[in-house]
>>> print(open('coords17.csv').read())   # CSV, C-alpha atoms
chain,number,residue,atom,x,y,z
A,1,MET,CA,-60.2,100.6,158.9
A,2,MET,CA,-58.3,103.6,157.4
A,3,MET,CA,-58.2,106.9,159.2
A,4,THR,CA,-56.4,110.1,158.1
A,5,THR,CA,-55.6,113.5,159.5
A,6,GLY,CA,-56.1,116.8,157.8
A,7,MET,CA,-57.7,120.2,158.1
A,8,GLY,CA,-61.5,120.1,158.4
A,9,MET,CA,-63.5,122.5,156.3
A,10,GLY,CA,-63.2,125.9,157.9
A,11,MET,CA,-61.1,124.6,160.8
A,12,GLY,CA,-58.1,126.7,161.8
A,13,ILE,CA,-55.5,126.0,164.4
A,14,PRO,CA,-55.7,128.6,167.2
A,15,THR,CA,-52.5,130.3,168.3
A,16,ALA,CA,-51.0,128.8,171.4
A,17,SER,CA,-50.3,131.3,174.1
A,18,PRO,CA,-46.7,131.5,175.3
A,19,GLY,CA,-45.9,128.9,177.9
A,20,ALA,CA,-48.7,126.6,176.6
A,21,VAL,CA,-49.7,124.0,179.2
A,22,LYS,CA,-48.0,120.6,178.7
A,23,ALA,CA,-50.3,117.9,177.2
A,24,ALA,CA,-53.2,118.1,179.7
A,25,LEU,CA,-54.8,114.7,179.0
A,26,VAL,CA,-58.4,115.0,180.3
A,27,ALA,CA,-59.7,111.5,181.0
A,28,GLU,CA,-63.0,111.7,182.8
A,29,SER,CA,-65.2,111.4,179.7
A,30,VAL,CA,-63.5,108.4,178.0
A,31,PRO,CA,-65.6,105.2,178.2
A,32,VAL,CA,-63.9,102.4,180.1
A,33,ALA,CA,-63.8,100.3,176.9
A,34,PHE,CA,-61.5,102.8,175.2
A,35,LEU,CA,-57.9,103.7,175.9
A,36,VAL,CA,-57.4,106.9,173.9
A,37,GLU,CA,-59.7,109.3,172.1
A,38,ALA,CA,-58.4,112.1,169.9
A,39,ALA,CA,-60.8,114.8,168.6
A,40,GLY,CA,-59.3,117.5,166.4
A,41,THR,CA,-56.0,117.0,168.2
A,42,VAL,CA,-53.1,119.2,167.2
A,43,CYS,CA,-49.8,118.5,168.9
A,44,GLY,CA,-46.6,120.6,169.0
A,45,TYR,CA,-44.2,122.4,171.3
A,46,GLY,CA,-45.0,125.8,172.7
A,47,ARG,CA,-46.1,127.9,169.8
A,48,ARG,CA,-44.8,125.5,167.1
A,49,VAL,CA,-47.4,123.3,165.5
A,50,VAL,CA,-46.2,119.9,164.4
A,51,THR,CA,-49.3,117.9,163.5
A,52,ALA,CA,-52.4,118.5,161.4
A,53,PRO,CA,-55.6,117.8,163.3
A,54,MET,CA,-56.2,114.2,163.9
A,55,ASN,CA,-59.2,112.1,165.0
A,56,PHE,CA,-59.0,108.5,166.2
A,57,THR,CA,-60.1,106.2,169.0
A,58,LEU,CA,-58.1,103.2,170.3
A,59,ALA,CA,-60.3,100.6,171.9
A,60,LEU,CA,-59.3,98.3,174.7
A,61,GLY,CA,-56.9,95.8,173.2
A,62,GLY,CA,-56.9,97.6,169.9
A,63,ARG,CA,-54.0,97.9,167.4
A,64,LEU,CA,-53.3,101.2,165.7
A,65,VAL,CA,-50.4,101.8,163.3
A,66,ILE,CA,-49.4,105.4,162.6
A,67,VAL,CA,-47.8,106.1,159.2
A,68,GLY,CA,-46.8,109.2,157.4
A,69,PRO,CA,-43.9,111.1,156.0
A,70,ASN,CA,-41.0,112.6,158.0
A,71,GLY,CA,-42.1,115.8,159.7
A,72,ALA,CA,-45.8,114.7,160.1
A,73,GLY,CA,-45.5,114.4,163.8
A,74,LYS,CA,-45.6,110.7,164.5
A,75,SER,CA,-43.1,110.8,167.3
A,76,THR,CA,-44.6,114.0,168.6
A,77,LEU,CA,-47.9,112.2,169.0
A,78,LEU,CA,-46.2,109.6,171.1
A,79,ARG,CA,-44.6,112.3,173.2
A,80,ALA,CA,-48.1,113.9,173.7
A,81,LEU,CA,-49.4,110.6,174.9
A,82,LEU,CA,-46.6,110.5,177.4
A,83,GLY,CA,-47.2,114.1,178.5
A,84,GLN,CA,-44.0,115.4,176.9
A,85,ALA,CA,-45.6,117.5,174.1
A,86,ASP,CA,-48.3,120.2,174.0
A,87,ILE,CA,-51.9,119.8,172.9
A,88,LEU,CA,-52.5,123.0,171.0
A,89,ALA,CA,-56.0,122.4,169.8
A,90,GLY,CA,-58.7,119.8,170.2
A,91,SER,CA,-58.5,117.1,172.9
A,92,LEU,CA,-56.5,114.0,173.6
A,93,LEU,CA,-58.3,111.9,176.2
A,94,LEU,CA,-56.8,108.9,178.1
A,95,ARG,CA,-58.8,106.4,180.1
A,96,PRO,CA,-58.5,107.1,183.9
A,97,GLY,CA,-55.6,105.2,185.4
A,98,LEU,CA,-54.1,104.2,182.0
A,99,ARG,CA,-50.7,102.6,182.3
A,100,VAL,CA,-48.5,103.5,179.3
A,101,ALA,CA,-45.1,102.0,178.4
A,102,LEU,CA,-42.8,103.0,175.5
A,103,VAL,CA,-40.6,100.9,173.3
A,104,PRO,CA,-38.3,103.7,172.0
A,105,GLN,CA,-36.4,103.8,168.7
A,106,MET,CA,-33.5,101.4,168.9
A,107,GLU,CA,-30.1,103.0,169.3
A,108,PRO,CA,-26.6,101.4,169.2
A,109,PRO,CA,-25.7,100.2,172.7
A,110,ASN,CA,-23.0,101.9,174.6
A,111,PRO,CA,-19.8,99.8,174.2
A,112,ALA,CA,-18.5,101.0,177.5
A,113,LEU,CA,-21.3,99.3,179.4
A,114,PRO,CA,-20.6,95.6,180.0
A,115,THR,CA,-24.2,94.7,180.5
A,116,THR,CA,-25.8,91.4,179.4
A,117,LEU,CA,-29.4,91.1,178.2
A,118,GLY,CA,-30.3,89.4,181.5
A,119,GLU,CA,-28.8,92.2,183.6
A,120,ALA,CA,-30.7,94.8,181.5
A,121,LEU,CA,-33.9,92.9,182.2
A,122,ARG,CA,-33.2,92.5,185.9
A,123,ILE,CA,-32.5,96.2,186.2
A,124,ALA,CA,-35.9,96.9,184.8
A,125,ALA,CA,-37.6,94.5,187.2
A,126,THR,CA,-38.1,97.2,189.9
A,127,ASN,CA,-40.9,95.6,192.0
A,128,PRO,CA,-42.0,92.1,193.0
A,129,VAL,CA,-44.7,91.9,190.3
A,130,SER,CA,-42.2,92.7,187.4
A,131,GLN,CA,-39.7,90.3,189.0
A,132,ALA,CA,-42.2,87.5,189.0
A,133,MET,CA,-43.1,88.3,185.4
A,134,LEU,CA,-39.4,88.1,184.2
A,135,PRO,CA,-39.2,84.4,183.4
A,136,GLN,CA,-42.6,84.4,181.6
A,137,VAL,CA,-41.7,87.5,179.5
A,138,THR,CA,-38.2,86.2,178.6
A,139,GLN,CA,-39.6,82.9,177.4
A,140,GLN,CA,-42.5,84.5,175.6
A,141,LEU,CA,-40.1,86.7,173.6
A,142,GLY,CA,-37.5,84.0,173.0
A,143,LEU,CA,-34.9,85.7,175.1
A,144,ASP,CA,-34.3,83.0,177.7
A,145,ALA,CA,-31.4,81.4,175.6
A,146,TRP,CA,-29.7,84.8,175.2
A,147,LEU,CA,-29.6,86.2,178.7
A,148,SER,CA,-25.8,85.9,179.0
A,149,VAL,CA,-25.1,87.7,175.7
A,150,GLN,CA,-23.5,91.1,176.1
A,151,LEU,CA,-25.8,93.9,175.0
A,152,ARG,CA,-23.1,95.4,172.8
A,153,HIS,CA,-22.9,92.0,171.0
A,154,ALA,CA,-26.6,91.3,170.7
A,155,SER,CA,-28.3,91.4,167.3
A,156,GLY,CA,-30.8,94.2,166.5
A,157,GLY,CA,-33.7,91.7,166.9
A,158,GLN,CA,-32.5,90.6,170.3
A,159,ARG,CA,-32.1,94.1,171.5
A,160,GLN,CA,-35.6,95.1,170.2
A,161,ARG,CA,-37.1,92.1,172.0
A,162,LEU,CA,-35.2,93.2,175.1
A,163,TRP,CA,-36.8,96.7,175.0
A,164,LEU,CA,-40.2,95.1,174.4
A,165,ALA,CA,-39.8,92.8,177.4
A,166,ARG,CA,-38.8,95.7,179.6
A,167,ALA,CA,-41.9,97.6,178.5
A,168,LEU,CA,-44.2,94.6,179.1
A,169,MET,CA,-42.8,94.2,182.7
A,170,GLN,CA,-44.5,97.5,183.4
A,171,GLN,CA,-47.8,95.8,182.9
A,172,PRO,CA,-49.1,98.5,180.5
A,173,ASP,CA,-52.6,98.9,179.3
A,174,LEU,CA,-51.2,100.8,176.3
A,175,LEU,CA,-47.9,99.9,174.6
A,176,LEU,CA,-46.3,102.6,172.4
A,177,LEU,CA,-43.6,101.6,169.9
A,178,ASP,CA,-41.5,104.1,167.9
A,179,GLU,CA,-40.2,102.7,164.6
A,180,PRO,CA,-39.8,99.2,166.1
A,181,THR,CA,-38.7,97.5,162.8
A,182,SER,CA,-36.1,100.2,161.9
A,183,GLY,CA,-32.7,98.6,161.3
A,184,LEU,CA,-33.9,95.0,161.6
A,185,ASP,CA,-33.2,92.4,158.9
A,186,ALA,CA,-36.1,90.3,157.5
A,187,ALA,CA,-35.8,87.5,160.0
A,188,ALA,CA,-35.7,89.8,163.0
A,189,ARG,CA,-38.6,91.8,161.7
A,190,GLU,CA,-40.7,88.7,161.3
A,191,GLU,CA,-39.8,87.6,164.9
A,192,LEU,CA,-40.9,91.0,166.2
A,193,VAL,CA,-44.2,90.9,164.2
A,194,GLN,CA,-44.9,87.4,165.7
A,195,ALA,CA,-44.1,88.7,169.2
A,196,LEU,CA,-46.6,91.6,168.8
A,197,LEU,CA,-49.2,89.3,167.4
A,198,ALA,CA,-48.8,87.1,170.5
A,199,LEU,CA,-49.5,90.0,172.9
A,200,PRO,CA,-52.7,89.5,174.9
A,201,ARG,CA,-55.7,91.6,173.9
A,202,THR,CA,-55.7,93.2,177.3
A,203,VAL,CA,-52.8,95.3,175.9
A,204,GLY,CA,-53.5,98.0,173.4
A,205,VAL,CA,-50.8,98.8,170.8
A,206,LEU,CA,-50.1,102.1,169.1
A,207,LEU,CA,-47.1,101.9,166.8
A,208,VAL,CA,-45.4,104.5,164.5
A,209,THR,CA,-43.5,103.4,161.5
A,210,HIS,CA,-42.4,104.1,157.9
A,211,ASP,CA,-43.1,100.4,157.0
A,212,PRO,CA,-46.4,100.4,155.0
A,213,THR,CA,-46.8,96.6,155.4
A,214,LEU,CA,-47.0,96.5,159.2
A,215,PRO,CA,-50.8,97.4,159.5
A,216,GLN,CA,-51.8,94.4,157.4
A,217,LEU,CA,-49.2,92.1,159.1
A,218,LEU,CA,-50.5,93.1,162.5
A,219,GLY,CA,-54.2,93.2,161.6
A,220,ALA,CA,-54.2,96.8,162.7
A,221,GLU,CA,-56.1,99.9,161.9
A,222,THR,CA,-54.1,102.7,160.2
A,223,LEU,CA,-53.8,106.4,160.9
A,224,THR,CA,-52.1,108.4,158.3
A,225,LEU,CA,-50.6,111.7,159.5
A,226,VAL,CA,-49.9,114.6,157.2
A,227,PRO,CA,-47.6,117.6,158.1
A,228,ALA,CA,-49.1,120.8,159.4
A,229,LEU,CA,-49.1,123.4,156.6
A,230,PRO,CA,-46.9,126.5,157.0
A,231,GLU,CA,-49.9,128.8,157.2
A,232,HIS,CA,-51.1,126.9,160.2
A,233,GLN,CA,-48.0,127.6,162.3
A,234,ALA,CA,-48.5,129.9,165.3
>>> encode(input="coords17.csv", output="C-alpha cells")
Amino acid sequence: MMMTTGMGMGMGIPTASPGAVKAALVAESVPVAFLVEAAGTVCGYGRRVVTAPMNFTLALGGRLVIVGPNGAGKSTLLRALLGQADILAGSLLLRPGLRVALVPQMEPPNPALPTTLGEALRIAATNPVSQAMLPQVTQQLGLDAWLSVQLRHASGGQRQRLWLARALMQQPDLLLLDEPTSGLDAAAREELVQALLALPRTVGVLLVTHDPTLPQLLGAETLTLVPALPEHQA
C-alpha cells in the first residue's frame, strides 16, 4: 500500500503561535488495534514548518517505511513521535500506554571508551525484565559470539544490531529506526533486514530511509514525504 503526503485542496498550514506546545500526542481516540494515527499532521519546531501534511495509520504489528528527499522531515516525524518536535497542524495520536524505542542513526563509536558489545548491552539492561531478555536478544540477533569485541573495533553491522538489541530490551510496542542501513555493506544490510523480518508481530516498526528497496524487502507499507513549500512556512 502506497501513501503520500501533500497539501490537500484548499488546505493551508495555520501559523503556530510563539512557544507552540511540544508534540501533544492525544491518545484517547485511537483504537486498541492501532499504534499511531496521523491526520493532516504537520510537524516542525516553534514557528518553522518542516513537513507537508501527512495521513497514515500504523496498525498493531504493522511495518511502515518512510521515504523522501532530504529536508522532507523524515527525522522530524520520528522526533514528533518521541515528543521532541511540535505538531503544528492536524493530529498525531498514539495508543494509550504505547511503549516506543528508537534505533538512532549509527555514528562512529568514541575511541576513548573501551567498551565491549557485551558491556554496552549490560548497561542497557536496567531492570530484571531486560536483564532476563539479554541472552535471548543477543542470540536472536547473532551477537552472542561477538560480546567480547570492543565497540570501536566492531563492524557497522555488529554495531547496528547492538543498537537494535538495546531497543528491543525496552520491550517496545513501536520500534522507530532512523536510516538503519546507512553505512552498511551488502552483507550487513542483508543481516539487518533478516533481523527485522524475524521481529514478532507484537512489535510495530516505523523506519525512515533513503533506500527505496527496503519497503519491498520488509513487506512494508510506504509513506513518501515531500518537503513543505516555502509559502507554507509560518
>>> residues_around(input="coords17.csv", residues="range 154-157 of chain A", least_positions_apart="3", cutoff="6 Å", atoms="all atoms listed in the file", output="PDB file with C-alpha atoms, in the coordinates of the input")
ATOM      1  CA  LEU A 151     -25.800  93.900 175.000  1.00  0.00           C
ATOM      2  CA  GLN A 160     -35.600  95.100 170.200  1.00  0.00           C
ATOM      3  CA  LEU A 184     -33.900  95.000 161.600  1.00  0.00           C
ATOM      4  CA  ALA A 188     -35.700  89.800 163.000  1.00  0.00           C
TER       5      ALA A 188
END
>>> atom_distance(input="coords17.csv", atom1="CA of Pro212 in chain A", atom2="CA of Glu37 in chain A")
23.4 Å
>>> atom_distance(input="coords17.csv", atom1="CA of Arg48 in chain A", atom2="CA of Ala85 in chain A")
10.7 Å
>>> atom_distance(input="coords17.csv", atom1="CA of Glu107 in chain A", atom2="CA of Pro215 in chain A")
23.6 Å
>>> closest_residue(input="coords17.csv", among="A:Val49, A:Gly68, A:Ala80, A:Leu141", to="Asp211 in chain A", atoms="only C-alpha atoms")
A:Gly68
>>> closest_residue(input="coords17.csv", among="A:Ala89, A:Leu177, A:Met133, A:Leu81", to="Thr209 in chain A", atoms="all atoms listed in the file")
A:Leu177
>>> closest_residue(input="coords17.csv", among="A:Gln158, A:Asn127, A:Ser75, A:Thr202", to="Gly44 in chain A", atoms="all atoms listed in the file")
A:Ser75
>>> closest_residue(input="coords17.csv", among="A:Leu197, A:Leu134, A:Ala220, A:Val100", to="Ala120 in chain A", atoms="all atoms listed in the file")
A:Leu134
>>> decode(input="coords17.csv", residues="range 92-178 of chain A", atoms="C-alpha atoms", output="short mmCIF file (atom, residue, chain, number, x, y, z; two decimals), in the first residue's frame")
data_model
loop_
_atom_site.label_atom_id
_atom_site.label_comp_id
_atom_site.auth_asym_id
_atom_site.auth_seq_id
_atom_site.Cartn_x
_atom_site.Cartn_y
_atom_site.Cartn_z
CA LEU A 92 -0.80 12.69 15.77
CA LEU A 93 -2.43 10.11 18.02
CA LEU A 94 -0.70 7.31 19.91
CA ARG A 95 -2.35 4.31 21.52
CA PRO A 96 -2.64 4.79 25.30
CA GLY A 97 0.35 3.34 27.13
CA LEU A 98 2.37 2.91 23.93
CA ARG A 99 6.00 1.96 24.58
CA VAL A 100 8.32 3.43 21.96
CA ALA A 101 12.02 2.67 21.41
CA LEU A 102 14.40 4.30 18.93
CA VAL A 103 17.30 2.86 16.97
CA PRO A 104 19.15 6.10 16.10
CA GLN A 105 21.33 6.81 13.12
CA MET A 106 24.62 4.98 13.53
CA GLU A 107 27.57 7.17 14.50
CA PRO A 108 31.24 6.25 14.81
CA PRO A 109 32.00 4.94 18.33
CA ASN A 110 34.05 7.03 20.70
CA PRO A 111 37.57 5.55 20.53
CA ALA A 112 38.24 6.76 24.07
CA LEU A 113 35.60 4.41 25.50
CA PRO A 114 36.98 0.87 25.98
CA THR A 115 33.50 -0.69 25.92
CA THR A 116 32.72 -4.13 24.53
CA LEU A 117 29.47 -5.06 22.82
CA GLY A 118 28.55 -7.15 25.85
CA GLU A 119 29.19 -4.29 28.26
CA ALA A 120 27.11 -1.93 26.12
CA LEU A 121 24.24 -4.41 26.28
CA ARG A 122 24.52 -4.94 30.03
CA ILE A 123 24.49 -1.17 30.59
CA ALA A 124 21.16 -1.06 28.72
CA ALA A 125 19.67 -3.88 30.82
CA THR A 126 18.39 -1.57 33.54
CA ASN A 127 15.74 -3.80 35.14
CA PRO A 128 15.15 -7.51 35.84
CA VAL A 129 12.95 -7.96 32.76
CA SER A 130 15.54 -6.57 30.31
CA GLN A 131 18.30 -8.49 32.11
CA ALA A 132 16.34 -11.71 31.62
CA MET A 133 15.83 -10.86 27.94
CA LEU A 134 19.53 -10.27 27.29
CA PRO A 135 20.56 -13.86 26.34
CA GLN A 136 17.55 -14.32 24.07
CA VAL A 137 18.01 -11.00 22.26
CA THR A 138 21.76 -11.47 21.74
CA GLN A 139 21.18 -14.94 20.30
CA GLN A 140 18.28 -13.78 18.14
CA LEU A 141 20.42 -11.03 16.60
CA GLY A 142 23.57 -13.14 16.27
CA LEU A 143 25.57 -11.12 18.78
CA ASP A 144 26.36 -13.88 21.26
CA ALA A 145 29.67 -14.71 19.55
CA TRP A 146 30.78 -11.07 19.49
CA LEU A 147 30.14 -9.88 23.05
CA SER A 148 33.85 -9.51 23.84
CA VAL A 149 34.56 -7.35 20.77
CA GLN A 150 35.49 -3.75 21.56
CA LEU A 151 32.81 -1.38 20.32
CA ARG A 152 35.42 0.71 18.49
CA HIS A 153 36.54 -2.40 16.59
CA ALA A 154 33.06 -3.73 15.78
CA SER A 155 31.79 -3.69 12.21
CA GLY A 156 28.93 -1.44 11.18
CA GLY A 157 26.59 -4.42 11.05
CA GLN A 158 27.55 -5.56 14.55
CA ARG A 159 27.05 -2.06 15.97
CA GLN A 160 23.67 -1.68 14.26
CA ARG A 161 22.50 -4.99 15.69
CA LEU A 162 23.74 -3.82 19.10
CA TRP A 163 21.52 -0.72 18.94
CA LEU A 164 18.62 -2.88 17.77
CA ALA A 165 19.16 -5.25 20.71
CA ARG A 166 19.25 -2.34 23.17
CA ALA A 167 15.96 -1.05 21.77
CA LEU A 168 14.28 -4.46 21.91
CA MET A 169 15.25 -4.86 25.57
CA GLN A 170 12.92 -1.93 26.27
CA GLN A 171 10.05 -4.22 25.20
CA PRO A 172 8.60 -1.65 22.79
CA ASP A 173 5.20 -1.80 21.13
CA LEU A 174 6.61 0.51 18.45
CA LEU A 175 10.18 0.40 17.17
CA LEU A 176 11.49 3.51 15.38
CA LEU A 177 14.59 3.21 13.18
CA ASP A 178 16.42 6.19 11.68
#
